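**Q** Sharing a structure with you now.
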Amino acid sequence: MKIFDRITDIQEYVRQEKLAGKTVGFVPTMGALHEGHLSLVRRSIQDNQLTIVSIFVNPIQFNNPDDLKNYPRTLETDTELLQNEGTDILFIPTVDEIYPEEVTEKYDFGELGLVMEGAFRPGHFNGVAIVVRRLLEIVKPDKAYFGEKDYQQLAIIKVLTEKANMPVKIIQCPISRELDGLARSSRNVRLEQRMREAAPFIYSELLRAQDLAKEFTAEEVESKIQEAFKNHELLKLEYFTIADGETLMPVTGQIKTNDHAFIAVFAGEVRLIDNIRLI
Ligand code: AMP
């Protein structure tokens with residue numbers, strides 16, 4: 001596995017590989033890698049002749065400075081995991097390399113960027129869009145892989161790349177879960193034991209919502225799930241929303257095909273998100 005930290009170096013290397021006719025798959029990450037990330041890497045290796053993974057903890061997408069400070073950083077094990085998978089290139093730029101100057105770009109994704117994560121994490125998607133665009137412009141992959149775990153992010157990135165006519169195919173990958181149902185996340189290692197034990201409740205409530213969706217309206221399902229969290233002694237619900245799986249606009253009345261439930265929960269200091277397709 002080749003490791004690059006300079007933009008010019010990786011660009012030159014990838015240019016040569018493309019000239020040799022290789023197709024390029026790209027998996028952007030913030031590191032602290034787990035099976036969820038690796039499932040994306042495996043998919044890219046399957047689909048492409050060259051797989052590039054980036055690890056960059058993007059400071060401008062953190063709306064909470066403590067979250068940035070406490071974000072797990074495990075470069076040594078990450079490198080080993082990627083090597084074992086057969087990753088071709090690891091790109092680990094510094095913050096100065098990605099942001100040599102003050103960042104001023106502003107993206108407007110309309111309502112898509114204002115609901116759910118957009119409402120509770122102001123500026124978050126602007127930071128995501130800026131870094132993803134820069135990384136895609138550096139790497140110029142044929143395909144880029146993103147997880148449904150961050151469903152709204154995926155929707156934003158699809159709009160970003162379509163609007164900018166970027167010649168990349170965005171590949172949507174399913175959520176990888178622990179055996180007890182908890183969606184894998186780099187932040188899970190920060191859960192203290194009793195929170196980790198409580199956290200599978202999030203997925204079991206999503207499954208319950210899926211069941212309730214057969215019988216009840218969106219508002220009814222929302223209030224039943226919200227009620228269950230009110231009675232929970234450890235987990236604090238931030239939002240539980242049923243929204244259209246394409247537009248991400250809130251759903252009212254009867255739940256229809258491709259509506260999804262989206263949830264954000266605080267387990268102590270750690271904020272967890274998850275989602276499920278209802279019908
Ligand atoms: P992150 O390092 O959290 O920025 O995530 C990098 C990529 O991995 C994003 O496209 C995420 O959606 C994806 N990802 C993170 N966790 C999971 C998971 N449990 N299952 C599938 N994809 C995931």
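Residues in the structure tokens are numbered from 1 in each chain, the chains being A, B, ... in the order shown, and ligands are numbered from 1 in the order shown.
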Around ligand 1, which protein and nucleic acid residues have at least one atom no more than 7 Å from it, if we count only C-alpha atoms and all ligand atoms? List them as a PyMOL selection string.

**A** chain A and resi 27-31+33+36-37+39-40+145-150+173-177+183-186

**Q** Emit the selected residues as an mmCIF file, in the first residue's frame, including C-alpha atoms.

**A**
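This went into out.cif:
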data_model
loop_
_atom_site.group_PDB
_atom_site.id
_atom_site.type_symbol
_atom_site.label_atom_id
_atom_site.label_comp_id
_atom_site.auth_asym_id
_atom_site.auth_seq_id
_atom_site.Cartn_x
_atom_site.Cartn_y
_atom_site.Cartn_z
ATOM 1 C CA VAL A 27 -13.483 5.776 0.046
ATOM 2 C CA PRO A 28 -13.206 8.997 2.067
ATOM 3 C CA THR A 29 -13.125 8.497 5.848
ATOM 4 C CA MET A 30 -12.178 10.234 9.078
ATOM 5 C CA GLY A 31 -10.292 7.175 10.308
ATOM 6 C CA LEU A 33 -11.781 2.503 11.030
ATOM 7 C CA GLY A 36 -18.461 -0.383 8.360
ATOM 8 C CA HIS A 37 -15.615 1.472 6.662
ATOM 9 C CA SER A 39 -17.262 -2.922 3.935
ATOM 10 C CA LEU A 40 -16.967 0.157 1.689
ATOM 11 C CA TYR A 145 -18.315 4.970 -1.841
ATOM 12 C CA PHE A 146 -20.482 6.312 0.975
ATOM 13 C CA GLY A 147 -22.466 4.578 3.717
ATOM 14 C CA GLU A 148 -26.213 4.794 4.290
ATOM 15 C CA LYS A 149 -25.325 5.206 7.953
ATOM 16 C CA ASP A 150 -24.975 8.922 7.087
ATOM 17 C CA CYS A 173 -23.513 1.129 0.688
ATOM 18 C CA PRO A 174 -25.693 -0.492 3.393
ATOM 19 C CA ILE A 175 -25.281 0.123 7.128
ATOM 20 C CA SER A 176 -22.966 -2.302 8.895
ATOM 21 C CA ARG A 177 -24.141 -3.192 12.408
ATOM 22 C CA ALA A 183 -24.828 0.801 13.855
ATOM 23 C CA ARG A 184 -21.047 0.740 13.703
ATOM 24 C CA SER A 185 -19.509 4.159 14.275
ATOM 25 C CA SER A 186 -16.082 5.517 15.135
#

**Q** Can you tell me, as an NGL selection string, what residues are no more than 10 Å from range 227-242 of chain A when counting only C-alpha atoms, ignoring any on the same chain fewer than 4 positions away?

**A** :A and (115-117 or 120 or 194-195 or 198-199 or 201-202 or 205-206 or 209 or 213 or 217-219 or 221-223 or 248-252 or 255 or 259-268 or 271-278)

**Q** Please provide the set of residues having any atom within 8 Å of Leu75 in chain A, restricted to only C-alpha atoms, with same-chain residues fewer than 3 positions apart removed, written as an MDAnalysis selection string.

**A** chainID A and resid 31:32 78:79

**Q** Output C-alpha atoms for every residue in the selection just made, as a PDB file, in the first residue's frame.

**A**
ATOM      1  CA  GLY A  31     -10.292   7.175  10.308  1.00  0.00           C
ATOM      2  CA  ALA A  32     -10.826   5.154  13.515  1.00  0.00           C
ATOM      3  CA  ASP A  78      -6.120   1.958  10.503  1.00  0.00           C
ATOM      4  CA  THR A  79      -3.086   1.560   8.265  1.00  0.00           C
TER       5      THR A  79
END

**Q** State, in Å with one decimal place, the distance from CA of Gln16 in chain A to CA of Leu50 in chain A.

**A** 11.6 Å

**Q** Could you please write out, as a PyMOL selection string, every residue of range 70-123 of chain A that DSSP assigns to alpha helix (DSSP H)?

**A** chain A and resi 70+75-85+95-98+117-120

**Q** Let me make sure I understand: among A:Thr161, A:Gln152, A:Ser44, A:Ser204, which one has the smallest atom-to-atom distance to Ala119 in chain A if we use only C-alpha atoms?

**A**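 Going through A:Thr161, A:Gln152, A:Ser44, A:Ser204 one by one, the smallest distance to Ala119 in chain A is for A:Gln152.
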
**Q** Please, which residues in range 132-232 of chain A fall within 12 Å of range 53-56 of chain A when counting only C-alpha atoms, and what is the closest atom pair and distance in Å to one decimal for each, ordered by chain then residue number, as CSV?

**A**
residue,atom,partner,partner_atom,distance
A:Val132,CA,A:Phe56,CA,10.6
A:Arg134,CA,A:Phe56,CA,11.8
A:Leu135,CA,A:Ser54,CA,8.4
A:Leu136,CA,A:Ser54,CA,10.6
A:Ile138,CA,A:Ser54,CA,11.0
A:Val139,CA,A:Ser54,CA,9.6
A:Pro141,CA,A:Val53,CA,11.0
A:Ala144,CA,A:Val53,CA,9.9
A:Tyr145,CA,A:Val53,CA,9.9
A:Phe146,CA,A:Val53,CA,11.7

**Q** With only C-alpha atoms as the counted atoms, please give the residues lying no more than 9 Å from His124 in chain A, apart from itself and same-chain residues fewer than 5 positions off, as a compact mmCIF listing (two decimals) with C-alpha atoms, in the first residue's frame.

**A**
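Final file, out.txt:
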# COMPACT_ATOMS: atom_id res chain seq x y z
CA ILE A 60 -14.74 22.38 9.45
CA GLN A 61 -17.52 19.80 9.63
CA PHE A 62 -17.49 19.69 13.45
CA ASN A 63 -19.97 22.11 14.94
CA GLU A 117 -28.71 16.86 10.91
CA GLY A 118 -28.77 20.22 9.12
CA ALA A 129 -19.51 19.39 1.01

**Q** Find the spatial neighbours of Arg6 in chain A, counting only C-alpha atoms, within a cut-off of 10 Å - ignore same-chain residues fewer than 3 positions away - and output them as a ChimeraX atom specification.

**A** /A:3,9-11,91-94,97-98

**Q** For the selection you just gave me, I'd like the residues written to a file as a CSV table (one decimal), in the first residue's frame, keeping N, CA and C atoms.

**A**
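Output file part-v5.csv follows:
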chain,number,residue,atom,x,y,z
A,3,ILE,N,1.4,5.2,0.6
A,3,ILE,CA,0.9,6.2,1.5
A,3,ILE,C,1.3,7.6,1.1
A,9,ASP,N,1.7,14.7,-4.9
A,9,ASP,CA,2.3,13.3,-5.1
A,9,ASP,C,1.2,12.3,-5.4
A,10,ILE,N,0.0,12.4,-4.7
A,10,ILE,CA,-1.0,11.4,-5.0
A,10,ILE,C,-1.6,11.7,-6.4
A,11,GLN,N,-1.7,13.0,-6.8
A,11,GLN,CA,-2.3,13.3,-8.1
A,11,GLN,C,-1.4,12.7,-9.2
A,91,PHE,N,-4.4,8.0,1.6
A,91,PHE,CA,-4.1,9.4,1.5
A,91,PHE,C,-4.4,10.0,2.9
A,92,ILE,N,-3.4,10.6,3.5
A,92,ILE,CA,-3.5,11.2,4.8
A,92,ILE,C,-3.0,12.6,4.9
A,93,PRO,N,-3.7,13.5,4.2
A,93,PRO,CA,-3.3,14.9,4.2
A,93,PRO,C,-3.4,15.6,5.5
A,94,THR,N,-2.6,16.6,5.7
A,94,THR,CA,-2.7,17.5,6.9
A,94,THR,C,-3.8,18.5,6.7
A,97,GLU,N,-2.7,21.1,4.3
A,97,GLU,CA,-2.6,20.6,2.9
A,97,GLU,C,-4.0,20.8,2.2
A,98,ILE,N,-5.0,20.5,3.0
A,98,ILE,CA,-6.4,20.6,2.4
A,98,ILE,C,-6.9,22.0,2.4

**Q** Pull the strand (DSSP E) assignments for range 12-236 of chain A out of DSSP run on the backbone, and list those residues as a list of chain:residue names.

**A**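 Checking each residue of range 12-236 of chain A, the strand (DSSP E) ones are A:Val24, A:Gly25, A:Phe26, A:Val27, A:Pro28, A:Thr29, A:Leu50, A:Thr51, A:Ile52, A:Val53, A:Ser54, A:Ile55, A:Ile89, A:Leu90, A:Phe91, A:Lys143, A:Ala144, A:Tyr145, A:Phe146, A:Gly147, A:Lys169, A:Ile170, A:Ile171, A:Gln172, A:Cys173, A:Leu235, A:Lys236.
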
**Q** Can I get the selected residues back with N, CA, C and O atoms, as a short mmCIF file (atom, residue, chain, number, x, y, z; two decimals), in the first residue's frame?

**A**
data_model
loop_
_atom_site.label_atom_id
_atom_site.label_comp_id
_atom_site.auth_asym_id
_atom_site.auth_seq_id
_atom_site.Cartn_x
_atom_site.Cartn_y
_atom_site.Cartn_z
N VAL A 24 -10.66 3.76 -10.91
CA VAL A 24 -10.31 4.20 -9.56
C VAL A 24 -11.55 4.29 -8.67
O VAL A 24 -12.53 4.95 -9.01
N GLY A 25 -11.48 3.61 -7.51
CA GLY A 25 -12.52 3.71 -6.50
C GLY A 25 -11.98 4.47 -5.30
O GLY A 25 -10.80 4.32 -4.96
N PHE A 26 -12.84 5.26 -4.67
CA PHE A 26 -12.37 6.13 -3.58
C PHE A 26 -13.31 6.02 -2.37
O PHE A 26 -14.53 6.09 -2.52
N VAL A 27 -12.71 5.84 -1.20
CA VAL A 27 -13.48 5.78 0.05
C VAL A 27 -12.96 6.85 1.02
O VAL A 27 -11.93 6.65 1.66
N PRO A 28 -13.64 7.98 1.11
CA PRO A 28 -13.21 9.00 2.07
C PRO A 28 -13.67 8.65 3.48
O PRO A 28 -14.82 8.26 3.68
N THR A 29 -12.78 8.78 4.45
CA THR A 29 -13.12 8.50 5.85
C THR A 29 -12.45 9.51 6.78
O THR A 29 -11.57 10.26 6.36
N LEU A 50 -8.05 0.09 -8.83
CA LEU A 50 -7.24 0.85 -7.87
C LEU A 50 -8.18 1.40 -6.80
O LEU A 50 -9.16 2.06 -7.14
N THR A 51 -7.88 1.12 -5.55
CA THR A 51 -8.72 1.66 -4.47
C THR A 51 -7.91 2.61 -3.60
O THR A 51 -6.83 2.27 -3.11
N ILE A 52 -8.48 3.81 -3.43
CA ILE A 52 -7.84 4.83 -2.61
C ILE A 52 -8.73 5.10 -1.40
O ILE A 52 -9.94 5.28 -1.54
N VAL A 53 -8.13 5.09 -0.22
CA VAL A 53 -8.86 5.46 1.00
C VAL A 53 -8.21 6.72 1.55
O VAL A 53 -6.97 6.82 1.58
N SER A 54 -9.02 7.69 1.96
CA SER A 54 -8.43 8.85 2.63
C SER A 54 -8.83 8.83 4.09
O SER A 54 -9.93 8.38 4.45
N ILE A 55 -7.91 9.29 4.92
CA ILE A 55 -8.21 9.52 6.34
C ILE A 55 -7.92 10.97 6.62
O ILE A 55 -6.77 11.43 6.49
N ILE A 89 -3.95 2.59 -2.09
CA ILE A 89 -3.39 3.89 -1.69
C ILE A 89 -4.10 4.41 -0.45
O ILE A 89 -5.34 4.40 -0.37
N LEU A 90 -3.32 4.90 0.49
CA LEU A 90 -3.88 5.61 1.64
C LEU A 90 -3.43 7.07 1.53
O LEU A 90 -2.24 7.36 1.39
N PHE A 91 -4.40 7.98 1.60
CA PHE A 91 -4.12 9.41 1.51
C PHE A 91 -4.40 10.03 2.87
O PHE A 91 -5.53 9.96 3.37
N LYS A 143 -15.52 6.04 -9.19
CA LYS A 143 -16.61 5.77 -8.25
C LYS A 143 -16.18 6.18 -6.84
O LYS A 143 -15.01 5.98 -6.48
N ALA A 144 -17.12 6.72 -6.06
CA ALA A 144 -16.82 7.03 -4.66
C ALA A 144 -17.89 6.38 -3.80
O ALA A 144 -19.07 6.36 -4.16
N TYR A 145 -17.46 5.83 -2.67
CA TYR A 145 -18.32 4.97 -1.84
C TYR A 145 -18.69 5.66 -0.54
O TYR A 145 -17.81 6.14 0.18
N PHE A 146 -19.99 5.68 -0.25
CA PHE A 146 -20.48 6.31 0.97
C PHE A 146 -21.51 5.40 1.64
O PHE A 146 -22.24 4.68 0.96
N GLY A 147 -21.57 5.46 2.97
CA GLY A 147 -22.47 4.58 3.72
C GLY A 147 -23.84 5.20 3.96
O GLY A 147 -23.96 6.40 4.20
N LYS A 169 -19.27 8.45 -10.05
CA LYS A 169 -20.51 7.75 -9.69
C LYS A 169 -20.50 7.56 -8.17
O LYS A 169 -19.53 7.02 -7.62
N ILE A 170 -21.57 7.98 -7.53
CA ILE A 170 -21.66 7.82 -6.07
C ILE A 170 -22.32 6.47 -5.78
O ILE A 170 -23.43 6.20 -6.23
N ILE A 171 -21.61 5.64 -5.03
CA ILE A 171 -22.11 4.30 -4.71
C ILE A 171 -22.55 4.27 -3.25
O ILE A 171 -21.78 4.56 -2.33
N GLN A 172 -23.83 3.89 -3.10
CA GLN A 172 -24.48 3.89 -1.78
C GLN A 172 -24.33 2.50 -1.15
O GLN A 172 -24.73 1.52 -1.76
N CYS A 173 -23.77 2.43 0.06
CA CYS A 173 -23.51 1.13 0.69
C CYS A 173 -24.33 0.96 1.97
O CYS A 173 -24.51 1.93 2.72
N LEU A 235 -30.61 7.14 27.53
CA LEU A 235 -30.51 7.70 26.18
C LEU A 235 -31.42 8.91 26.04
O LEU A 235 -32.59 8.87 26.43
N LYS A 236 -30.86 9.99 25.49
CA LYS A 236 -31.65 11.23 25.30
C LYS A 236 -31.90 11.43 23.81
O LYS A 236 -30.95 11.63 23.03
#

**Q** In Å, rounded to a single decimal, give me how far CA of Asn126 in chain A is from CA of Leu38 in chain A.

**A** 25.7 Å
